[in-house]
file start-v4.cif (mmCIF, C-alpha atoms)
data_input
#
loop_
_atom_site.group_PDB
_atom_site.id
_atom_site.type_symbol
_atom_site.label_atom_id
_atom_site.label_comp_id
_atom_site.auth_asym_id
_atom_site.auth_seq_id
_atom_site.Cartn_x
_atom_site.Cartn_y
_atom_site.Cartn_z
ATOM 1 C CA MET A 171 -6.421 -7.937 -25.781
ATOM 2 C CA SER A 172 -5.095 -7.714 -22.265
ATOM 3 C CA THR A 173 -2.091 -9.802 -21.283
ATOM 4 C CA VAL A 174 -2.870 -9.695 -17.552
ATOM 5 C CA THR A 175 -5.028 -12.189 -15.701
ATOM 6 C CA ARG A 176 -7.485 -11.172 -13.021
ATOM 7 C CA ARG A 177 -6.748 -13.025 -9.764
ATOM 8 C CA SER A 178 -9.284 -11.586 -7.298
ATOM 9 C CA ASP A 179 -12.685 -9.904 -7.095
ATOM 10 C CA ASN A 180 -12.242 -9.027 -3.411
ATOM 11 C CA VAL A 181 -12.475 -5.259 -3.962
ATOM 12 C CA PHE A 182 -15.074 -2.549 -3.783
ATOM 13 C CA SER A 183 -16.977 -2.066 -7.025
ATOM 14 C CA TYR A 184 -19.528 0.394 -8.275
ATOM 15 C CA PRO A 185 -22.864 -1.069 -9.401
ATOM 16 C CA PRO A 186 -22.823 -1.856 -13.130
ATOM 17 C CA ASN A 187 -26.051 0.070 -13.761
ATOM 18 C CA LEU A 188 -25.065 3.464 -12.313
ATOM 19 C CA GLN A 189 -26.421 5.137 -15.459
ATOM 20 C CA VAL A 190 -30.013 4.505 -14.246
ATOM 21 C CA LEU A 191 -29.481 6.921 -11.335
ATOM 22 C CA ASP A 192 -30.283 10.583 -11.697
ATOM 23 C CA LEU A 193 -27.395 12.943 -10.960
ATOM 24 C CA ALA A 194 -28.673 14.006 -7.528
ATOM 25 C CA THR A 195 -29.026 10.394 -6.352
ATOM 26 C CA LEU A 196 -25.628 9.483 -7.776
ATOM 27 C CA VAL A 197 -23.960 12.383 -5.960
ATOM 28 C CA ALA A 198 -25.734 11.542 -2.688
ATOM 29 C CA MET A 199 -24.784 7.860 -2.852
ATOM 30 C CA TYR A 200 -21.183 8.720 -3.690
ATOM 31 C CA ARG A 201 -20.914 11.192 -0.810
ATOM 32 C CA GLU A 202 -22.490 8.705 1.637
ATOM 33 C CA ARG A 203 -20.147 5.811 0.832
ATOM 34 C CA GLY A 204 -18.458 4.600 3.989
ATOM 35 C CA ALA A 205 -20.991 6.300 6.231
ATOM 36 C CA VAL A 206 -22.394 4.321 9.133
ATOM 37 C CA SER A 207 -25.997 3.266 8.601
ATOM 38 C CA LYS A 208 -28.061 2.163 11.579
ATOM 39 C CA ALA A 209 -30.982 -0.232 11.508
ATOM 40 C CA ASN A 210 -34.385 1.039 12.597
ATOM 41 C CA PRO A 211 -35.518 -0.145 16.043
ATOM 42 C CA GLY A 212 -36.514 -3.811 15.803
ATOM 43 C CA ASP A 213 -34.821 -4.209 12.399
ATOM 44 C CA TYR A 214 -31.444 -5.481 11.320
ATOM 45 C CA LEU A 215 -29.086 -4.878 8.422
ATOM 46 C CA ALA A 216 -27.354 -7.733 6.636
ATOM 47 C CA CYS A 217 -23.704 -7.637 5.618
ATOM 48 C CA CYS A 218 -23.518 -8.316 1.872
ATOM 49 C CA ALA A 219 -20.123 -10.005 2.274
ATOM 50 C CA THR A 220 -20.810 -12.294 5.232
ATOM 51 C CA GLY A 221 -24.608 -12.439 5.344
ATOM 52 C CA LYS A 222 -24.554 -11.753 9.102
ATOM 53 C CA LEU A 223 -27.182 -9.560 10.722
ATOM 54 C CA MET A 224 -26.096 -6.412 12.519
ATOM 55 C CA LYS A 225 -27.434 -3.161 13.924
ATOM 56 C CA GLU A 226 -24.799 -0.896 12.321
ATOM 57 C CA ALA A 227 -23.041 -1.175 9.001
ATOM 58 C CA LYS A 228 -20.932 0.783 6.536
ATOM 59 C CA PHE A 229 -22.840 1.907 3.447
ATOM 60 C CA TRP A 230 -21.660 1.429 -0.159
ATOM 61 C CA PHE A 231 -24.076 2.225 -3.022
ATOM 62 C CA GLY A 232 -27.044 0.420 -1.482
ATOM 63 C CA LEU A 233 -24.977 -2.337 0.121
ATOM 64 C CA ASN A 234 -24.135 -2.756 3.793
ATOM 65 C CA TYR A 235 -20.825 -4.069 5.139
ATOM 66 C CA SER A 236 -19.727 -4.975 8.641
ATOM 67 C CA GLN A 237 -16.633 -3.080 9.763
ATOM 68 C CA GLN A 238 -14.573 -6.260 9.442
ATOM 69 C CA ALA A 239 -15.808 -6.941 5.880
ATOM 70 C CA TRP A 240 -15.167 -3.288 4.974
ATOM 71 C CA ASP A 241 -11.617 -3.477 6.287
ATOM 72 C CA THR A 242 -10.853 -6.613 4.262
ATOM 73 C CA LEU A 243 -11.850 -4.770 1.063
ATOM 74 C CA LEU A 244 -9.490 -1.858 1.717
ATOM 75 C CA THR A 245 -6.263 -2.312 -0.226
ATOM 76 C CA LYS A 246 -2.676 -1.844 0.898
ATOM 77 C CA ASN A 247 -1.440 1.769 0.846
ATOM 78 C CA SER A 248 -4.963 3.114 0.295
ATOM 79 C CA GLY A 249 -4.929 5.076 3.537
ATOM 80 C CA GLY A 250 -8.539 4.056 4.165
ATOM 81 C CA TYR A 251 -9.751 5.278 0.764
ATOM 82 C CA PRO A 252 -12.062 2.633 -0.811
ATOM 83 C CA LEU A 253 -10.308 1.971 -4.112
ATOM 84 C CA THR A 254 -12.063 0.257 -7.021
ATOM 85 C CA GLU A 255 -11.133 -0.596 -10.590
ATOM 86 C CA VAL A 256 -12.383 2.880 -11.521
ATOM 87 C CA GLU A 257 -9.691 4.485 -9.371
ATOM 88 C CA LEU A 258 -7.210 2.023 -10.879
ATOM 89 C CA ASN A 259 -8.187 3.308 -14.325
ATOM 90 C CA ILE A 260 -8.051 6.977 -13.337
ATOM 91 C CA LEU A 261 -4.701 6.715 -11.546
ATOM 92 C CA GLY A 262 -3.339 4.459 -14.300
ATOM 93 C CA LEU A 263 -4.327 6.874 -17.080
ATOM 94 C CA ILE A 264 -2.600 9.673 -15.174
ATOM 95 C CA LYS A 265 0.523 7.594 -14.505
ATOM 96 C CA ALA A 266 0.811 6.224 -18.053
ATOM 97 C CA PRO A 267 -1.292 8.476 -20.284
ATOM 98 C CA PRO A 268 -1.729 7.578 -23.956
ATOM 99 C CA TYR A 269 -0.862 11.199 -24.807
ATOM 100 C CA HIS A 270 0.450 14.287 -23.006
ATOM 101 C CA PRO A 271 -1.063 16.222 -21.385
ATOM 102 C CA ILE A 272 -4.073 14.013 -20.740
ATOM 103 C CA ASP A 273 -7.308 15.890 -20.118
ATOM 104 C CA LYS A 274 -10.007 15.307 -17.522
ATOM 105 C CA GLU A 275 -12.645 14.579 -20.184
ATOM 106 C CA PHE A 276 -10.604 11.739 -21.713
ATOM 107 C CA ILE A 277 -10.066 10.201 -18.269
ATOM 108 C CA ALA A 278 -13.780 10.523 -17.424
ATOM 109 C CA GLU A 279 -14.819 8.881 -20.702
ATOM 110 C CA ASN A 280 -12.409 5.952 -20.334
ATOM 111 C CA CYS A 281 -12.727 4.769 -16.738
ATOM 112 C CA GLY A 282 -15.959 2.765 -16.957
ATOM 113 C CA ILE A 283 -18.507 4.899 -15.112
ATOM 114 C CA PRO A 284 -20.676 7.950 -15.918
ATOM 115 C CA PRO A 285 -18.453 11.007 -16.523
ATOM 116 C CA HIS A 286 -20.104 13.048 -13.724
ATOM 117 C CA LEU A 287 -19.066 10.450 -11.151
ATOM 118 C CA ALA A 288 -15.593 10.177 -12.669
ATOM 119 C CA ILE A 289 -15.092 13.948 -12.248
ATOM 120 C CA MET A 290 -16.076 13.675 -8.561
ATOM 121 C CA ILE A 291 -13.641 10.787 -8.065
ATOM 122 C CA ILE A 292 -10.825 12.755 -9.734
ATOM 123 C CA GLN A 293 -11.508 15.664 -7.367
ATOM 124 C CA ASP A 294 -11.467 13.320 -4.356
ATOM 125 C CA LEU A 295 -8.211 11.717 -5.524
ATOM 126 C CA LYS A 296 -6.720 15.224 -5.654
ATOM 127 C CA LYS A 297 -8.038 16.032 -2.151
ATOM 128 C CA PHE A 298 -6.699 12.724 -0.825
ATOM 129 C CA GLY A 299 -3.228 13.537 -2.183
ATOM 130 C CA TYR A 300 -3.029 10.856 -4.874
ATOM 131 C CA VAL A 301 -3.087 13.270 -7.818
ATOM 132 C CA ASP A 302 -1.740 16.764 -8.446
ATOM 133 C CA GLU A 303 -2.890 19.103 -11.181
ATOM 134 C CA ASP A 304 -0.993 22.099 -12.510
ATOM 135 C CA GLU A 305 -0.603 23.990 -15.797
ATOM 136 C CA ASP A 306 1.198 20.945 -17.257
ATOM 137 C CA GLY A 307 -1.768 18.651 -16.507
ATOM 138 C CA PHE A 308 -2.250 15.788 -14.069
ATOM 139 C CA HIS A 309 0.540 14.061 -12.155
ATOM 140 C CA ILE A 310 0.348 11.036 -9.877
ATOM 141 C CA THR A 311 1.975 11.509 -6.473
ATOM 142 C CA ILE A 312 4.139 8.997 -4.631
ATOM 143 C CA SER A 313 1.201 8.034 -2.395
ATOM 144 C CA GLY A 314 -0.952 7.749 -5.538
ATOM 145 C CA GLU A 315 1.555 5.340 -7.093
ATOM 146 C CA LYS A 316 1.583 3.241 -3.913
ATOM 147 C CA ALA A 317 -2.231 3.186 -3.810
ATOM 148 C CA LEU A 318 -2.356 2.255 -7.512
ATOM 149 C CA ASP A 319 0.062 -0.617 -6.995
ATOM 150 C CA GLY A 320 -1.970 -1.716 -3.945
ATOM 151 C CA ILE A 321 -5.214 -2.067 -5.919
ATOM 152 C CA CYS A 322 -3.354 -3.689 -8.830
ATOM 153 C CA ARG A 323 -1.722 -6.228 -6.533
ATOM 154 C CA ARG A 324 -5.118 -7.058 -4.989
ATOM 155 C CA ILE A 325 -6.773 -7.683 -8.368
ATOM 156 C CA TYR A 326 -3.873 -8.908 -10.543
ATOM 157 C CA GLU A 327 -1.144 -9.787 -7.988
ATOM 158 C CA ILE A 328 1.390 -7.586 -9.812
ATOM 159 C CA ASN A 329 2.211 -3.875 -9.852
ATOM 160 C CA PHE A 330 0.553 -1.586 -12.394
ATOM 161 C CA ILE A 331 1.094 -1.998 -16.136
ATOM 162 C CA PRO A 332 -0.962 -0.159 -18.822
ATOM 163 C CA GLU A 333 -2.574 -3.421 -19.994
ATOM 164 C CA MET A 334 -4.682 -3.347 -16.794
ATOM 165 C CA LEU A 335 -6.561 -0.277 -17.995
ATOM 166 C CA LEU A 336 -10.092 -0.482 -19.368
ATOM 167 C CA ILE A 337 -8.832 1.381 -22.420
ATOM 168 C CA SER A 338 -6.587 -1.591 -23.230
ATOM 169 C CA HIS A 339 -9.666 -3.249 -24.777
ATOM 170 C CA ASP A 340 -9.779 -0.472 -27.409
ATOM 171 C CA GLU A 341 -8.214 -1.569 -30.686
ATOM 172 C CA ARG A 342 -6.237 1.695 -30.793
ATOM 173 C CA PHE A 343 -4.578 1.004 -27.409
ATOM 174 C CA ASN A 344 -1.288 -0.345 -28.807
ATOM 175 C CA GLN A 345 -1.066 2.504 -31.296
ATOM 176 C CA TRP A 346 -1.588 5.112 -28.588
ATOM 177 C CA TYR A 347 0.962 3.641 -26.222
ATOM 178 C CA LYS A 348 3.574 2.986 -28.896
ATOM 179 C CA SER A 349 3.317 6.347 -30.622
ATOM 180 C CA GLY A 350 2.606 8.498 -27.564
ATOM 181 C CA ARG A 351 -0.040 10.308 -29.606
ATOM 182 C CA GLY A 352 -3.539 10.389 -28.300
ATOM 183 C CA PRO A 353 -6.875 10.088 -29.992
ATOM 184 C CA LYS A 354 -7.307 13.863 -30.230
ATOM 185 C CA ASP A 355 -3.807 14.628 -31.481
ATOM 186 C CA LYS A 356 -3.551 15.837 -35.051
ATOM 187 C CA GLN A 357 -0.634 16.845 -37.178
ATOM 188 C CA GLU A 358 0.008 20.533 -36.747
ATOM 189 C CA GLN A 359 0.450 21.155 -40.432
ATOM 190 C CA THR A 360 -0.382 19.048 -43.444
ATOM 191 C CA SER A 361 2.642 18.068 -45.479
ATOM 192 C CA LEU A 362 2.587 19.407 -48.993
ATOM 193 C CA PHE A 363 5.202 16.980 -50.264
#
call {"tool": "encode", "arguments": {"input": "start-v4.cif", "output": "structure tokens"}}
result
Amino acid sequence: MSTVTRRSDNVFSYPPNLQVLDLATLVAMYRERGAVSKANPGDYLACCATGKLMKEAKFWFGLNYSQQAWDTLLTKNSGGYPLTEVELNILGLIKAPPYHPIDKEFIAENCGIPPHLAIMIIQDLKKFGYVDEDEDGFHITISGEKALDGICRRIYEINFIPEMLLISHDERFNQWYKSGRGPKDKQEQTSLF
């Protein structure tokens, strides 16, 4: 059980039923996030945060935000990147992995969204300079650590600790983080004695 207490829900979040979307729709909605959507002539869009009507809005997975509402959801040190709890989980698993080197599949399976979307987010985090990948695996950059702490401070009002991760609800969490051995690790050779 997590020892941290959630303090705010004032962050971007992916819809909880993303799994109902086909892959093409999911990719399109992900790529269009933050794009400006304009109302048809004679129509208006409503900001989901303020309820105000407007002619132009920023798009987020079917929701519309005024520029001011969008800006209030951006977290400190995000550089304009719309961070969610999913990015918190991805960056957190890279910063404090339950085993070394952590693989992309484990991250995708343990961040709370469909794996295809998680892979796209990992690629974007690399492009944005938050994550590096080399032959030794994934590494969080200095700007990635700052962005991670920014989203953690918004939600929990403290810097990142592993108990904030979605995986912390798994009963094996303490074992993984105490032993440093991951769920796929096996002994190299069986002891005969």
call {"tool": "residues_around", "arguments": {"input": "start-v4.cif", "residues": "stretch 264-266 of chain A", "least_positions_apart": "2", "cutoff": "7 Å", "atoms": "all atoms listed in the file", "output": "PyMOL selection string"}}
result
chain A and resi 260-262+268+308-310+332
call {"tool": "residues_around", "arguments": {"input": "start-v4.cif", "residues": "stretch 194-196 of chain A", "least_positions_apart": "6", "cutoff": "10 Å", "atoms": "only C-alpha atoms", "output": "MDAnalysis selection string"}}
result
chainID A and resid 188 202 231 284 286:287
call {"tool": "resolve_selection", "arguments": {"input": "start-v4.cif", "expression": "the PyMOL selection byres ((chain A and resi 204-206) around 6)", "output": "JSON, numbers by chain"}}
result
{"A": [202, 203, 207, 227, 228, 229]}
call {"tool": "resolve_selection", "arguments": {"input": "start-v4.cif", "expression": "the PyMOL selection byres ((chain A and resi 183) around 12)", "output": "list in words"}}
result
Asp179, Asn180, Val181, Phe182, Tyr184, Pro185, Pro186, Asn187, Leu188, Arg203, Trp230, Phe231, Gly232, Leu233, Leu243, Leu244, Pro252, Leu253, Thr254, Glu255, Val256, Glu257, Leu258, Gly282, Ile283, Ile321 and Ile325 of chain A
call {"tool": "residues_near_point", "arguments": {"input": "start-v4.cif", "point": "(-11.0, -6.4, 6.9)", "cutoff": "12 Å", "atoms": "all atoms listed in the file", "output": "VMD selection string"}}
result
chain A and resid 180 to 181 219 to 220 235 to 246 250 252
call {"tool": "write_last_selection", "arguments": {"input": "start-v4.cif", "atoms": "C-alpha atoms", "output": "mmCIF file, in the frame of the given file"}}
result
data_model
loop_
_atom_site.group_PDB
_atom_site.id
_atom_site.type_symbol
_atom_site.label_atom_id
_atom_site.label_comp_id
_atom_site.auth_asym_id
_atom_site.auth_seq_id
_atom_site.Cartn_x
_atom_site.Cartn_y
_atom_site.Cartn_z
ATOM 1 C CA ASN A 180 -12.242 -9.027 -3.411
ATOM 2 C CA VAL A 181 -12.475 -5.259 -3.962
ATOM 3 C CA ALA A 219 -20.123 -10.005 2.274
ATOM 4 C CA THR A 220 -20.810 -12.294 5.232
ATOM 5 C CA TYR A 235 -20.825 -4.069 5.139
ATOM 6 C CA SER A 236 -19.727 -4.975 8.641
ATOM 7 C CA GLN A 237 -16.633 -3.080 9.763
ATOM 8 C CA GLN A 238 -14.573 -6.260 9.442
ATOM 9 C CA ALA A 239 -15.808 -6.941 5.880
ATOM 10 C CA TRP A 240 -15.167 -3.288 4.974
ATOM 11 C CA ASP A 241 -11.617 -3.477 6.287
ATOM 12 C CA THR A 242 -10.853 -6.613 4.262
ATOM 13 C CA LEU A 243 -11.850 -4.770 1.063
ATOM 14 C CA LEU A 244 -9.490 -1.858 1.717
ATOM 15 C CA THR A 245 -6.263 -2.312 -0.226
ATOM 16 C CA LYS A 246 -2.676 -1.844 0.898
ATOM 17 C CA GLY A 250 -8.539 4.056 4.165
ATOM 18 C CA PRO A 252 -12.062 2.633 -0.811
#
call {"tool": "atom_distance", "arguments": {"input": "start-v4.cif", "atom1": "atom CA of A:Ala209", "atom2": "atom CA of A:Lys225"}}
result
5.2 Å
call {"tool": "axis_aligned_box", "arguments": {"input": "start-v4.cif", "around": "stretch 211-230 of chain A", "padding_each_side": "4 Å", "output": "JSON"}}
result
{"center_x": -28.3, "center_y": -5.3, "center_z": 7.9, "size_x": 24.4, "size_y": 22.3, "size_z": 24.2}
call {"tool": "residues_around", "arguments": {"input": "start-v4.cif", "residues": "A:Phe330", "least_positions_apart": "6", "cutoff": "7 Å", "atoms": "all atoms listed in the file", "output": "list in words"}}
result
Leu318, Asp319 and Cys322 of chain A
call {"tool": "closest_residue", "arguments": {"input": "start-v4.cif", "among": "A:Ile289, A:Ala317, A:Ile277, A:Leu263", "to": "A:Val197", "atoms": "only C-alpha atoms"}}
result
A:Ile289
call {"tool": "atom_distance", "arguments": {"input": "start-v4.cif", "atom1": "atom CA of A:Gly299", "atom2": "atom CA of A:Arg323"}}
result
20.3 Å
call {"tool": "atom_distance", "arguments": {"input": "start-v4.cif", "atom1": "atom CA of A:Asn344", "atom2": "atom CA of A:Ser178"}}
result
25.6 Å
call {"tool": "closest_residue", "arguments": {"input": "start-v4.cif", "among": "A:Lys208, A:Glu279, A:Gly320, A:Asn259", "to": "A:Leu223", "atoms": "all atoms listed in the file"}}
result
A:Lys208
call {"tool": "resolve_selection", "arguments": {"input": "start-v4.cif", "expression": "the PyMOL selection byres ((chain A and resi 271) around 8)", "output": "list in words"}}
result
Pro267, Tyr269, His270, Ile272, Asp273, Asp306, Gly307 and Phe308 of chain A
call {"tool": "residues_near_point", "arguments": {"input": "start-v4.cif", "point": "(-11.1, -0.1, -19.9)", "cutoff": "7 Å", "atoms": "all atoms listed in the file", "output": "PyMOL selection string"}}
result
chain A and resi 280-282+335-339
call {"tool": "closest_residue", "arguments": {"input": "start-v4.cif", "among": "A:Phe343, A:Met290, A:Lys297, A:Ala278", "to": "A:Met199", "atoms": "only C-alpha atoms"}}
result
A:Met290
